[in-house]
file protein.json (JSON, C-alpha atoms)
[["chain", "number", "residue", "atom", "x", "y", "z"],
["D", 1, "LYS", "CA", 63.59, -29.42, 81.88],
["D", 2, "GLU", "CA", 65.40, -30.62, 78.76],
["D", 3, "ALA", "CA", 68.99, -30.34, 77.53],
["D", 4, "THR", "CA", 69.88, -30.37, 73.83],
["D", 5, "PRO", "CA", 72.08, -32.22, 73.13],
["D", 6, "ASP", "CA", 72.28, -34.39, 76.23],
["D", 7, "THR", "CA", 75.82, -35.61, 75.45],
["D", 8, "GLY", "CA", 78.97, -33.74, 74.50],
["D", 9, "ASP", "CA", 82.58, -32.93, 75.32],
["D", 10, "ALA", "CA", 84.66, -29.88, 76.26],
["D", 11, "GLY", "CA", 83.74, -26.71, 74.40],
["D", 12, "ASP", "CA", 80.27, -27.86, 73.37],
["D", 13, "THR", "CA", 77.21, -25.65, 73.81],
["D", 14, "ILE", "CA", 74.23, -27.15, 75.65],
["D", 15, "ASP", "CA", 70.83, -25.48, 75.26],
["D", 16, "TYR", "CA", 68.35, -25.82, 78.11],
["D", 17, "VAL", "CA", 64.58, -25.34, 78.08],
["D", 18, "ILE", "CA", 62.70, -25.12, 81.38],
["D", 19, "THR", "CA", 58.93, -25.47, 81.10],
["D", 20, "VAL", "CA", 56.54, -24.42, 83.87],
["D", 21, "GLU", "CA", 52.90, -25.38, 83.46],
["D", 22, "HIS", "CA", 49.85, -26.32, 85.47],
["D", 23, "THR", "CA", 48.98, -29.95, 86.05],
["D", 24, "ALA", "CA", 45.78, -31.36, 84.56],
["D", 25, "ASN", "CA", 44.10, -31.12, 87.98],
["D", 26, "SER", "CA", 45.06, -27.50, 88.61],
["D", 27, "ASN", "CA", 42.11, -25.10, 88.86],
["D", 28, "ALA", "CA", 43.75, -21.96, 90.28],
["D", 29, "ASP", "CA", 46.30, -19.48, 89.04],
["D", 30, "ALA", "CA", 49.82, -19.39, 90.51],
["D", 31, "TYR", "CA", 51.46, -16.20, 91.79],
["D", 32, "ASP", "CA", 54.91, -14.89, 92.68],
["D", 33, "LEU", "CA", 56.71, -17.64, 90.80],
["D", 34, "VAL", "CA", 60.48, -17.95, 91.25],
["D", 35, "VAL", "CA", 62.51, -20.39, 89.13],
["D", 36, "THR", "CA", 66.01, -21.07, 90.43],
["D", 37, "ASP", "CA", 68.42, -23.18, 88.40],
["D", 38, "VAL", "CA", 71.79, -24.30, 89.79],
["D", 39, "ILE", "CA", 74.41, -24.89, 87.09],
["D", 40, "PRO", "CA", 76.78, -27.72, 88.09],
["D", 41, "ALA", "CA", 80.57, -27.61, 88.06],
["D", 42, "GLY", "CA", 81.78, -28.49, 84.58],
["D", 43, "MET", "CA", 79.45, -26.00, 82.89],
["D", 44, "THR", "CA", 79.72, -22.24, 82.36],
["D", 45, "PHE", "CA", 76.65, -20.06, 81.79],
["D", 46, "ASP", "CA", 76.55, -18.38, 78.37],
["D", 47, "ALA", "CA", 73.36, -16.39, 77.88],
["D", 48, "PHE", "CA", 69.60, -16.33, 78.24],
["D", 49, "GLY", "CA", 67.47, -17.04, 75.21],
["D", 50, "THR", "CA", 63.74, -16.47, 74.81],
["D", 51, "ILE", "CA", 61.72, -16.26, 78.04],
["D", 52, "SER", "CA", 57.93, -16.31, 77.92],
["D", 53, "PRO", "CA", 55.84, -14.71, 79.35],
["D", 54, "THR", "CA", 57.89, -11.62, 80.16],
["D", 55, "PRO", "CA", 59.45, -11.97, 83.64],
["D", 56, "SER", "CA", 58.41, -9.53, 86.36],
["D", 57, "VAL", "CA", 62.07, -8.48, 86.64],
["D", 58, "ALA", "CA", 64.97, -9.19, 84.32],
["D", 59, "ALA", "CA", 66.25, -12.77, 84.45],
["D", 60, "SER", "CA", 69.53, -12.86, 86.36],
["D", 61, "TYR", "CA", 72.72, -14.89, 86.70],
["D", 62, "ASN", "CA", 74.67, -14.54, 89.95],
["D", 63, "GLY", "CA", 78.05, -14.86, 88.23],
["D", 64, "THR", "CA", 78.92, -18.23, 89.74],
["D", 65, "ASP", "CA", 76.33, -20.99, 89.41],
["D", 66, "THR", "CA", 72.69, -19.85, 89.69],
["D", 67, "ILE", "CA", 70.11, -18.28, 87.39],
["D", 68, "THR", "CA", 66.86, -16.80, 88.70],
["D", 69, "VAL", "CA", 63.68, -15.97, 86.77],
["D", 70, "ARG", "CA", 60.55, -14.44, 88.35],
["D", 71, "PHE", "CA", 56.96, -14.22, 87.10],
["D", 72, "ASP", "CA", 54.14, -12.29, 88.80],
["D", 73, "ALA", "CA", 51.54, -14.86, 87.80],
["D", 74, "LEU", "CA", 50.84, -17.91, 85.67],
["D", 75, "THR", "CA", 47.20, -18.50, 84.81],
["D", 76, "THR", "CA", 45.84, -22.00, 84.36],
["D", 77, "SER", "CA", 45.90, -21.50, 80.60],
["D", 78, "GLN", "CA", 49.52, -20.28, 80.46],
["D", 79, "THR", "CA", 52.84, -22.08, 80.07],
["D", 80, "ALA", "CA", 56.15, -20.43, 80.95],
["D", 81, "THR", "CA", 59.33, -21.30, 79.05],
["D", 82, "ILE", "CA", 62.88, -20.30, 79.94],
["D", 83, "ARG", "CA", 65.73, -20.85, 77.51],
["D", 84, "TYR", "CA", 69.42, -20.47, 78.22],
["D", 85, "SER", "CA", 72.73, -21.98, 77.14],
["D", 86, "VAL", "CA", 75.93, -23.18, 78.80],
["D", 87, "THR", "CA", 79.36, -24.30, 77.58],
["D", 88, "LEU", "CA", 81.00, -27.53, 78.78],
["D", 89, "ASP", "CA", 84.26, -26.69, 80.55],
["D", 90, "ASN", "CA", 87.69, -27.85, 79.41],
["D", 91, "ASP", "CA", 88.19, -30.07, 82.45],
["D", 92, "VAL", "CA", 85.11, -32.28, 82.07],
["D", 93, "GLU", "CA", 86.01, -35.97, 82.22],
["D", 94, "ALA", "CA", 84.92, -38.72, 79.85],
["D", 95, "GLU", "CA", 81.62, -40.35, 80.95],
["D", 96, "GLN", "CA", 81.12, -37.70, 83.66],
["D", 97, "GLN", "CA", 77.47, -36.93, 84.39],
["D", 98, "LEU", "CA", 76.52, -33.31, 85.01],
["D", 99, "THR", "CA", 73.13, -33.02, 86.72],
["D", 100, "ASN", "CA", 71.40, -29.65, 86.65],
["D", 101, "ASP", "CA", 68.82, -29.01, 89.40],
["D", 102, "VAL", "CA", 65.98, -26.53, 89.02],
["D", 103, "GLY", "CA", 63.53, -25.44, 91.71],
["D", 104, "LEU", "CA", 60.20, -23.62, 91.55],
["D", 105, "SER", "CA", 58.42, -21.73, 94.32],
["D", 106, "TYR", "CA", 55.01, -20.02, 94.05],
["D", 107, "ASP", "CA", 51.99, -19.12, 96.09],
["D", 108, "SER", "CA", 48.22, -18.88, 95.91],
["D", 109, "HIS", "CA", 47.64, -15.12, 96.36],
["D", 110, "PRO", "CA", 48.73, -12.13, 94.28],
["D", 111, "ASP", "CA", 49.36, -9.72, 97.14],
["D", 112, "ASP", "CA", 52.00, -11.48, 99.26],
["D", 113, "ASP", "CA", 49.41, -11.50, 102.06],
["D", 114, "LEU", "CA", 50.11, -14.02, 104.80],
["D", 115, "THR", "CA", 47.11, -12.92, 106.92],
["D", 116, "ASP", "CA", 43.72, -14.57, 106.95],
["D", 117, "VAL", "CA", 41.68, -13.10, 104.10],
["D", 118, "SER", "CA", 38.30, -14.58, 105.00],
["D", 119, "PRO", "CA", 35.76, -13.64, 107.68],
["D", 120, "TYR", "CA", 36.18, -17.10, 109.21],
["D", 121, "THR", "CA", 38.69, -18.21, 111.82],
["D", 122, "ASP", "CA", 40.07, -21.13, 109.77],
["D", 123, "PRO", "CA", 43.86, -20.52, 109.97],
["D", 124, "THR", "CA", 44.47, -22.41, 106.71],
["D", 125, "ASP", "CA", 42.40, -19.92, 104.68],
["D", 126, "ARG", "CA", 45.30, -17.69, 103.72],
["D", 127, "GLU", "CA", 48.10, -17.50, 101.17],
["D", 128, "ARG", "CA", 49.73, -20.86, 100.69],
["D", 129, "ASP", "CA", 53.28, -21.54, 99.50],
["D", 130, "TYR", "CA", 54.28, -24.36, 97.14],
["D", 131, "THR", "CA", 57.51, -25.76, 95.73],
["D", 132, "ASP", "CA", 58.55, -28.22, 93.06],
["D", 133, "THR", "CA", 61.86, -29.52, 91.69],
["D", 134, "THR", "CA", 63.21, -31.36, 88.67],
["D", 135, "ASP", "CA", 66.57, -31.98, 87.02],
["D", 136, "ASP", "CA", 68.27, -33.06, 83.81],
["D", 137, "THR", "CA", 71.60, -34.76, 83.14],
["D", 138, "VAL", "CA", 74.21, -34.22, 80.43],
["D", 139, "THR", "CA", 76.75, -37.03, 79.94],
["D", 140, "ILE", "CA", 80.27, -36.45, 78.66],
["D", 141, "VAL", "CA", 81.11, -38.78, 75.77],
["D", 142, "PRO", "CA", 83.44, -41.72, 76.53],
["D", 143, "PHE", "CA", 86.83, -42.76, 75.24],
["D", 144, "LEU", "CA", 86.55, -45.26, 72.39],
["D", 145, "LEU", "CA", 88.83, -48.29, 72.01],
["D", 146, "ASP", "CA", 89.70, -50.41, 69.00],
["D", 147, "LYS", "CA", 92.14, -53.34, 68.98],
["D", 148, "THR", "CA", 93.17, -55.26, 65.88],
["D", 149, "VAL", "CA", 95.79, -57.78, 64.76],
["D", 150, "THR", "CA", 97.83, -56.02, 62.08],
["D", 151, "SER", "CA", 100.52, -58.59, 61.23],
["D", 152, "THR", "CA", 102.12, -61.93, 62.14],
["D", 153, "SER", "CA", 105.75, -63.00, 61.88],
["D", 154, "GLU", "CA", 105.54, -66.32, 60.00],
["D", 155, "VAL", "CA", 104.72, -66.55, 56.29],
["D", 156, "ALA", "CA", 103.90, -70.25, 56.63],
["D", 157, "THR", "CA", 100.80, -69.60, 58.71],
["D", 158, "THR", "CA", 97.61, -68.39, 57.13],
["D", 159, "GLY", "CA", 95.90, -65.12, 57.84],
["D", 160, "LEU", "CA", 95.88, -63.27, 61.12],
["D", 161, "VAL", "CA", 94.09, -65.94, 63.15],
["D", 162, "ASN", "CA", 95.81, -69.27, 62.49],
["D", 163, "VAL", "CA", 99.21, -68.78, 64.09],
["D", 164, "ALA", "CA", 101.96, -71.13, 65.29],
["D", 165, "ILE", "CA", 103.63, -71.63, 68.66],
["D", 166, "GLY", "CA", 106.52, -69.19, 68.92],
["D", 167, "GLU", "CA", 105.04, -66.85, 66.34],
["D", 168, "ARG", "CA", 104.89, -63.14, 67.05],
["D", 169, "VAL", "CA", 101.63, -61.25, 66.54],
["D", 170, "THR", "CA", 101.48, -57.47, 66.21],
["D", 171, "TYR", "CA", 98.52, -55.65, 67.71],
["D", 172, "THR", "CA", 97.42, -52.07, 67.12],
["D", 173, "VAL", "CA", 95.28, -50.40, 69.79],
["D", 174, "THR", "CA", 93.62, -47.07, 68.99],
["D", 175, "VAL", "CA", 92.28, -44.88, 71.79],
["D", 176, "ASP", "CA", 89.94, -42.11, 70.60],
["D", 177, "VAL", "CA", 90.12, -39.17, 73.00],
["D", 178, "PRO", "CA", 87.25, -36.69, 73.47],
["D", 179, "GLU", "CA", 87.99, -32.97, 73.64],
["D", 180, "GLY", "CA", 89.25, -31.68, 76.96],
["D", 181, "VAL", "CA", 91.82, -32.50, 79.62],
["D", 182, "HIS", "CA", 91.68, -36.04, 81.02],
["D", 183, "ASP", "CA", 93.68, -36.92, 84.12],
["D", 184, "ASN", "CA", 95.01, -40.32, 85.21],
["D", 185, "VAL", "CA", 94.37, -42.12, 81.92],
["D", 186, "VAL", "CA", 95.43, -45.76, 82.29],
["D", 187, "LEU", "CA", 94.98, -48.58, 79.78],
["D", 188, "VAL", "CA", 95.14, -52.14, 81.14],
["D", 189, "ASP", "CA", 95.47, -54.76, 78.39],
["D", 190, "THR", "CA", 94.87, -58.42, 79.29],
["D", 191, "LEU", "CA", 95.75, -60.96, 76.60],
["D", 192, "ASP", "CA", 94.00, -64.27, 75.96],
["D", 193, "SER", "CA", 95.45, -67.40, 77.57],
["D", 194, "GLY", "CA", 98.32, -68.76, 75.50],
["D", 195, "LEU", "CA", 99.72, -65.32, 74.65],
["D", 196, "ALA", "CA", 102.34, -63.18, 76.39],
["D", 197, "PHE", "CA", 103.68, -59.70, 75.80],
["D", 198, "ALA", "CA", 107.04, -59.46, 74.08],
["D", 199, "ASP", "CA", 109.49, -56.72, 75.06],
["D", 200, "LEU", "CA", 107.45, -53.54, 75.58],
["D", 201, "SER", "CA", 110.37, -51.28, 76.44],
["D", 202, "ALA", "CA", 111.09, -48.25, 74.30],
["D", 203, "THR", "CA", 114.44, -49.69, 73.13],
["D", 204, "GLY", "CA", 114.04, -53.45, 73.17],
["D", 205, "GLY", "CA", 110.95, -54.22, 71.11],
["D", 206, "ILE", "CA", 108.87, -52.85, 68.25],
["D", 207, "SER", "CA", 106.47, -51.15, 70.63],
["D", 208, "SER", "CA", 105.50, -47.60, 69.69],
["D", 209, "ILE", "CA", 103.02, -44.89, 70.62],
["D", 210, "ASN", "CA", 101.76, -42.20, 68.26],
["D", 211, "PHE", "CA", 99.88, -39.18, 69.58],
["D", 212, "ASN", "CA", 97.57, -37.90, 66.85],
["D", 213, "GLY", "CA", 96.35, -34.44, 67.85],
["D", 214, "VAL", "CA", 96.58, -35.26, 71.55],
["D", 215, "THR", "CA", 99.34, -34.54, 74.07],
["D", 216, "SER", "CA", 100.42, -36.55, 77.09],
["D", 217, "SER", "CA", 102.02, -35.42, 80.32],
["D", 218, "ARG", "CA", 104.33, -38.45, 80.03],
["D", 219, "THR", "CA", 106.85, -39.30, 77.34],
["D", 220, "THR", "CA", 106.61, -42.35, 75.11],
["D", 221, "THR", "CA", 109.73, -43.76, 76.78],
["D", 222, "GLN", "CA", 108.19, -43.41, 80.25],
["D", 223, "ILE", "CA", 104.95, -45.03, 79.20],
["D", 224, "LEU", "CA", 106.54, -48.01, 77.44],
["D", 225, "ASN", "CA", 109.27, -48.68, 80.00],
["D", 226, "ASP", "CA", 106.76, -48.58, 82.85],
["D", 227, "ALA", "CA", 104.44, -50.88, 80.90],
["D", 228, "ASP", "CA", 107.29, -53.34, 80.37],
["D", 229, "THR", "CA", 107.99, -53.55, 84.10],
["D", 230, "SER", "CA", 104.26, -53.77, 84.92],
["D", 231, "VAL", "CA", 103.66, -57.03, 83.06],
["D", 232, "THR", "CA", 101.91, -59.60, 85.25],
["D", 233, "LEU", "CA", 99.59, -62.65, 85.00],
["D", 234, "SER", "CA", 102.40, -64.76, 83.52],
["D", 235, "GLY", "CA", 103.06, -62.17, 80.84],
["D", 236, "ARG", "CA", 99.41, -61.65, 79.87],
["D", 237, "GLN", "CA", 98.64, -58.25, 81.41],
["D", 238, "ALA", "CA", 100.33, -54.88, 80.94],
["D", 239, "THR", "CA", 99.44, -51.41, 82.21],
["D", 240, "PHE", "CA", 100.01, -48.31, 80.07],
["D", 241, "ASN", "CA", 99.90, -45.11, 82.15],
["D", 242, "PHE", "CA", 99.37, -42.09, 79.89],
["D", 243, "GLY", "CA", 99.11, -39.58, 82.73],
["D", 244, "THR", "CA", 97.11, -36.56, 81.55],
["D", 245, "LEU", "CA", 95.86, -36.61, 77.97],
["D", 246, "THR", "CA", 94.83, -33.29, 76.42],
["D", 247, "ASN", "CA", 92.72, -32.96, 73.26],
["D", 248, "ASN", "CA", 92.31, -29.28, 72.52],
["D", 249, "ALA", "CA", 91.00, -29.92, 68.98],
["D", 250, "ALA", "CA", 88.67, -27.02, 68.22],
["D", 251, "LEU", "CA", 86.89, -26.97, 71.60],
["D", 252, "THR", "CA", 83.71, -26.17, 69.72],
["D", 253, "ASP", "CA", 80.34, -27.81, 69.23],
["D", 254, "GLY", "CA", 80.48, -31.42, 68.14],
["D", 255, "VAL", "CA", 82.76, -34.26, 69.21],
["D", 256, "ASP", "CA", 86.21, -33.59, 67.69],
["D", 257, "ARG", "CA", 88.16, -36.70, 68.62],
["D", 258, "THR", "CA", 91.91, -37.17, 68.45],
["D", 259, "SER", "CA", 93.66, -40.46, 69.13],
["D", 260, "VAL", "CA", 96.55, -42.37, 70.66],
["D", 261, "THR", "CA", 97.82, -45.36, 68.67],
["D", 262, "LEU", "CA", 99.71, -48.10, 70.50],
["D", 263, "VAL", "CA", 101.57, -50.86, 68.64],
["D", 264, "TYR", "CA", 103.17, -53.90, 70.33],
["D", 265, "GLU", "CA", 104.05, -57.56, 69.82],
["D", 266, "VAL", "CA", 102.89, -60.66, 71.67],
["D", 267, "VAL", "CA", 104.26, -64.21, 71.53],
["D", 268, "VAL", "CA", 102.22, -67.38, 71.03],
["D", 269, "LEU", "CA", 103.23, -69.66, 73.92],
["D", 270, "ASP", "CA", 103.87, -73.38, 74.02],
["D", 271, "SER", "CA", 101.16, -73.93, 76.60],
["D", 272, "SER", "CA", 98.11, -76.10, 77.22],
["D", 273, "ALA", "CA", 95.92, -73.34, 75.86],
["D", 274, "ASN", "CA", 97.55, -73.79, 72.44],
["D", 275, "ASN", "CA", 97.81, -77.61, 72.31]]
call {"tool": "encode", "arguments": {"input": "protein.json", "output": "C-alpha cells"}}
result
Amino acid sequence: KEATPDTGDAGDTIDYVITVEHTANSNADAYDLVVTDVIPAGMTFDAFGTISPTPSVAASYNGTDTITVRFDALTTSQTATIRYSVTLDNDVEAEQQLTNDVGLSYDSHPDDDLTDVSPYTDPTDRERDYTDTTDDTVTIVPFLLDKTVTSTSEVATTGLVNVAIGERVTYTVTVDVPEGVHDNVVLVDTLDSGLAFADLSATGGISSINFNGVTSSRTTTQILNDADTSVTLSGRQATFNFGTLTNNAALTDGVDRTSVTLVYEVVVLDSSANN
C-alpha cells in the first residue's frame, strides 16, 4: 500500500494504491479475495479510482470509515490494484501521523467448499483460509519557526552580535502555520544566559503580534500580558499561549502556510555570562 503524497495538511488530497500479488514462492491461485481498508480519523473518503481486475461486486464504502473490494480469483500471473482518494480533514494537527490499515482474506478453493474434497481421510485436505495485513502512514506537516535579531538600541556597538551591557536587542519570531485548526498552541522561548526579557505586556513594551492570514482564539493583549506574567528562569523564559490557531487558507492541495509574527525586546544583563 502506498500513499501519494505521504505528507500534507488540511484540505489536501491523498491518493492511495493497494497492490495485491502473489509471492515469489506462490504456486496456486487465490480465490474469494476480500480487501478491507479502514480509513483513520482525520481523513474523509473521496472516491474510487481504477480497480483492476474487475471486482466480483462493485467496490463499496460503508459511509463511515471502511472500503471493501472483492475479487473472485487472482491467478499466480495476476496482480490486483485498487486506487482511491481521501481528503485530510480540517482538524488534523501538525505532525500528526495517520496510519491506514488494510487487510486481505482469501482461500484456496473456488467453490466456498469447507468439506473434504479428496477420497482420503486427511482432515487438512480441504479449503484453507488465509489472511494478510499491511499499512501506510501519512504525516501532517509541522509548524516552522524562525527567530532573528532585527535591531539593537545602541549605535556605538557594531552589528547585531556585538552588543553592550544594558543594550536592548529586538527579536522577531515567525511561526509558519499549516492549514487547518490547531488547538493549544504554545510557544516557549528560552533566552541565552546573560539575556532577559524586557516588558512583554501589551502596553508597557514594544512587544507586538501580527496574525498574517491566521486567526487566534485569544487576543494580542491576552497573549502578551500572560506572557509577561509567565516570565521565569531569572527573566530568560517566557510562554506565549496562542490558544487555537486557524489557517483556512485555501484548504486545497499543497501546503498553504500563513504565519504569526512576534516581536519583543530583551536586555543584555550585567552578569558573569557577559563579563
call {"tool": "closest_atom_pairs", "arguments": {"input": "protein.json", "of": "segment 169-196 of chain D", "to": "segment 5-19 of chain D", "cutoff": "8 Å", "atoms": "all atoms listed in the file", "output": "CSV"}}
result
residue,atom,partner,partner_atom,distance
D:Pro178,CA,D:Asp9,CA,6.3
D:Glu179,CA,D:Ala10,CA,5.2
D:Gly180,CA,D:Ala10,CA,5.0
call {"tool": "atom_distance", "arguments": {"input": "protein.json", "atom1": "atom CA of Asn27 of chain D", "atom2": "atom CA of Ser77 of chain D"}}
result
9.8 Å
call {"tool": "closest_residue", "arguments": {"input": "protein.json", "among": "D:Glu95, D:Glu21, D:Asp29, D:Asp89", "to": "Asp46 of chain D", "atoms": "all atoms listed in the file"}}
result
D:Asp89
call {"tool": "atom_distance", "arguments": {"input": "protein.json", "atom1": "atom CA of Ile82 of chain D", "atom2": "atom CA of Thr99 of chain D"}}
result
17.7 Å
call {"tool": "atom_distance", "arguments": {"input": "protein.json", "atom1": "atom CA of Thr258 of chain D", "atom2": "atom CA of Ser151 of chain D"}}
result
24.2 Å
call {"tool": "residues_around", "arguments": {"input": "protein.json", "residues": "segment 142-148 of chain D", "least_positions_apart": "4", "cutoff": "6 Å", "atoms": "only C-alpha atoms", "output": "PyMOL selection string"}}
result
chain D and resi 94-95+171-177
call {"tool": "write_last_selection", "arguments": {"input": "protein.json", "atoms": "C-alpha atoms", "output": "short mmCIF file (atom, residue, chain, number, x, y, z; two decimals), keeping the file's coordinate frame"}}
result
data_model
loop_
_atom_site.label_atom_id
_atom_site.label_comp_id
_atom_site.auth_asym_id
_atom_site.auth_seq_id
_atom_site.Cartn_x
_atom_site.Cartn_y
_atom_site.Cartn_z
CA ALA D 94 84.92 -38.72 79.85
CA GLU D 95 81.62 -40.35 80.95
CA TYR D 171 98.52 -55.65 67.71
CA THR D 172 97.42 -52.07 67.12
CA VAL D 173 95.28 -50.40 69.79
CA THR D 174 93.62 -47.07 68.99
CA VAL D 175 92.28 -44.88 71.79
CA ASP D 176 89.94 -42.11 70.60
CA VAL D 177 90.12 -39.17 73.00
#
call {"tool": "residues_around", "arguments": {"input": "protein.json", "residues": "Ser201 of chain D", "least_positions_apart": "3", "cutoff": "10 Å", "atoms": "all atoms listed in the file", "output": "ChimeraX atom specification"}}
result
/D:198,204-208,220-229,264
call {"tool": "closest_residue", "arguments": {"input": "protein.json", "among": "D:Thr139, D:Leu195, D:Thr232, D:Phe48", "to": "Gly166 of chain D", "atoms": "all atoms listed in the file"}}
result
D:Leu195
call {"tool": "closest_residue", "arguments": {"input": "protein.json", "among": "D:Phe240, D:Tyr61, D:Tyr31, D:Phe45", "to": "Asn184 of chain D", "atoms": "only C-alpha atoms"}}
result
D:Phe240
call {"tool": "residues_around", "arguments": {"input": "protein.json", "residues": "Ile165 of chain D", "least_positions_apart": "5", "cutoff": "7 Å", "atoms": "all atoms listed in the file", "output": "list in words"}}
result
Val268, Leu269 and Asp270 of chain D
call {"tool": "residues_around", "arguments": {"input": "protein.json", "residues": "Thr68 of chain D", "least_positions_apart": "6", "cutoff": "7 Å", "atoms": "all atoms listed in the file", "output": "MDAnalysis selection string"}}
result
chainID D and resid 34:37 59:61
call {"tool": "closest_residue", "arguments": {"input": "protein.json", "among": "D:Thr152, D:Thr239, D:Thr4, D:Ser217", "to": "Thr190 of chain D", "atoms": "all atoms listed in the file"}}
result
D:Thr239
call {"tool": "closest_residue", "arguments": {"input": "protein.json", "among": "D:Ala3, D:Val38, D:Ala80, D:Val263", "to": "Asp65 of chain D", "atoms": "all atoms listed in the file"}}
result
D:Val38
call {"tool": "closest_residue", "arguments": {"input": "protein.json", "among": "D:Asn100, D:Val141, D:Val92, D:Thr170", "to": "Glu154 of chain D", "atoms": "only C-alpha atoms"}}
result
D:Thr170
call {"tool": "residues_around", "arguments": {"input": "protein.json", "residues": "Pro55 of chain D", "least_positions_apart": "2", "cutoff": "9 Å", "atoms": "only C-alpha atoms", "output": "MDAnalysis selection string"}}
result
chainID D and resid 51:53 57:59 69:72
call {"tool": "build_atoms", "arguments": {"input": "protein.json", "residues": "segment 161-174 of chain D", "atoms": "N, CA, C and O atoms", "output": "PDB file, in the coordinates of the input"}}
result
ATOM      1  N   VAL D 161      94.717 -65.183  62.062  1.00  0.00           N
ATOM      2  CA  VAL D 161      94.090 -65.940  63.150  1.00  0.00           C
ATOM      3  C   VAL D 161      94.806 -67.251  63.398  1.00  0.00           C
ATOM      4  O   VAL D 161      95.067 -67.631  64.543  1.00  0.00           O
ATOM      5  N   ASN D 162      95.154 -67.971  62.355  1.00  0.00           N
ATOM      6  CA  ASN D 162      95.810 -69.270  62.490  1.00  0.00           C
ATOM      7  C   ASN D 162      97.314 -69.063  62.609  1.00  0.00           C
ATOM      8  O   ASN D 162      98.030 -68.933  61.613  1.00  0.00           O
ATOM      9  N   VAL D 163      97.803 -69.054  63.843  1.00  0.00           N
ATOM     10  CA  VAL D 163      99.210 -68.780  64.090  1.00  0.00           C
ATOM     11  C   VAL D 163      99.852 -69.980  64.761  1.00  0.00           C
ATOM     12  O   VAL D 163      99.169 -70.884  65.257  1.00  0.00           O
ATOM     13  N   ALA D 164     101.198 -69.995  64.764  1.00  0.00           N
ATOM     14  CA  ALA D 164     101.960 -71.130  65.290  1.00  0.00           C
ATOM     15  C   ALA D 164     102.592 -70.775  66.618  1.00  0.00           C
ATOM     16  O   ALA D 164     102.815 -69.600  66.934  1.00  0.00           O
ATOM     17  N   ILE D 165     102.918 -71.829  67.403  1.00  0.00           N
ATOM     18  CA  ILE D 165     103.630 -71.630  68.660  1.00  0.00           C
ATOM     19  C   ILE D 165     104.970 -70.950  68.363  1.00  0.00           C
ATOM     20  O   ILE D 165     105.694 -71.339  67.438  1.00  0.00           O
ATOM     21  N   GLY D 166     105.292 -69.945  69.120  1.00  0.00           N
ATOM     22  CA  GLY D 166     106.520 -69.190  68.920  1.00  0.00           C
ATOM     23  C   GLY D 166     106.366 -68.013  67.977  1.00  0.00           C
ATOM     24  O   GLY D 166     107.264 -67.159  67.894  1.00  0.00           O
ATOM     25  N   GLU D 167     105.252 -67.947  67.279  1.00  0.00           N
ATOM     26  CA  GLU D 167     105.040 -66.850  66.340  1.00  0.00           C
ATOM     27  C   GLU D 167     104.755 -65.552  67.107  1.00  0.00           C
ATOM     28  O   GLU D 167     104.201 -65.557  68.203  1.00  0.00           O
ATOM     29  N   ARG D 168     105.155 -64.452  66.471  1.00  0.00           N
ATOM     30  CA  ARG D 168     104.890 -63.140  67.050  1.00  0.00           C
ATOM     31  C   ARG D 168     103.726 -62.479  66.311  1.00  0.00           C
ATOM     32  O   ARG D 168     103.678 -62.512  65.082  1.00  0.00           O
ATOM     33  N   VAL D 169     102.823 -61.897  67.081  1.00  0.00           N
ATOM     34  CA  VAL D 169     101.630 -61.250  66.540  1.00  0.00           C
ATOM     35  C   VAL D 169     101.685 -59.773  66.931  1.00  0.00           C
ATOM     36  O   VAL D 169     101.939 -59.436  68.089  1.00  0.00           O
ATOM     37  N   THR D 170     101.464 -58.909  65.948  1.00  0.00           N
ATOM     38  CA  THR D 170     101.480 -57.470  66.210  1.00  0.00           C
ATOM     39  C   THR D 170     100.054 -56.949  66.349  1.00  0.00           C
ATOM     40  O   THR D 170      99.214 -57.175  65.477  1.00  0.00           O
ATOM     41  N   TYR D 171      99.816 -56.270  67.440  1.00  0.00           N
ATOM     42  CA  TYR D 171      98.520 -55.650  67.710  1.00  0.00           C
ATOM     43  C   TYR D 171      98.637 -54.131  67.569  1.00  0.00           C
ATOM     44  O   TYR D 171      99.666 -53.534  67.895  1.00  0.00           O
ATOM     45  N   THR D 172      97.553 -53.514  67.109  1.00  0.00           N
ATOM     46  CA  THR D 172      97.420 -52.070  67.120  1.00  0.00           C
ATOM     47  C   THR D 172      96.187 -51.705  67.931  1.00  0.00           C
ATOM     48  O   THR D 172      95.088 -52.186  67.641  1.00  0.00           O
ATOM     49  N   VAL D 173      96.383 -50.878  68.946  1.00  0.00           N
ATOM     50  CA  VAL D 173      95.280 -50.400  69.790  1.00  0.00           C
ATOM     51  C   VAL D 173      95.128 -48.903  69.547  1.00  0.00           C
ATOM     52  O   VAL D 173      96.090 -48.145  69.660  1.00  0.00           O
ATOM     53  N   THR D 174      93.907 -48.486  69.211  1.00  0.00           N
ATOM     54  CA  THR D 174      93.620 -47.070  68.990  1.00  0.00           C
ATOM     55  C   THR D 174      92.672 -46.577  70.076  1.00  0.00           C
ATOM     56  O   THR D 174      91.619 -47.175  70.309  1.00  0.00           O
TER      57      THR D 174
END
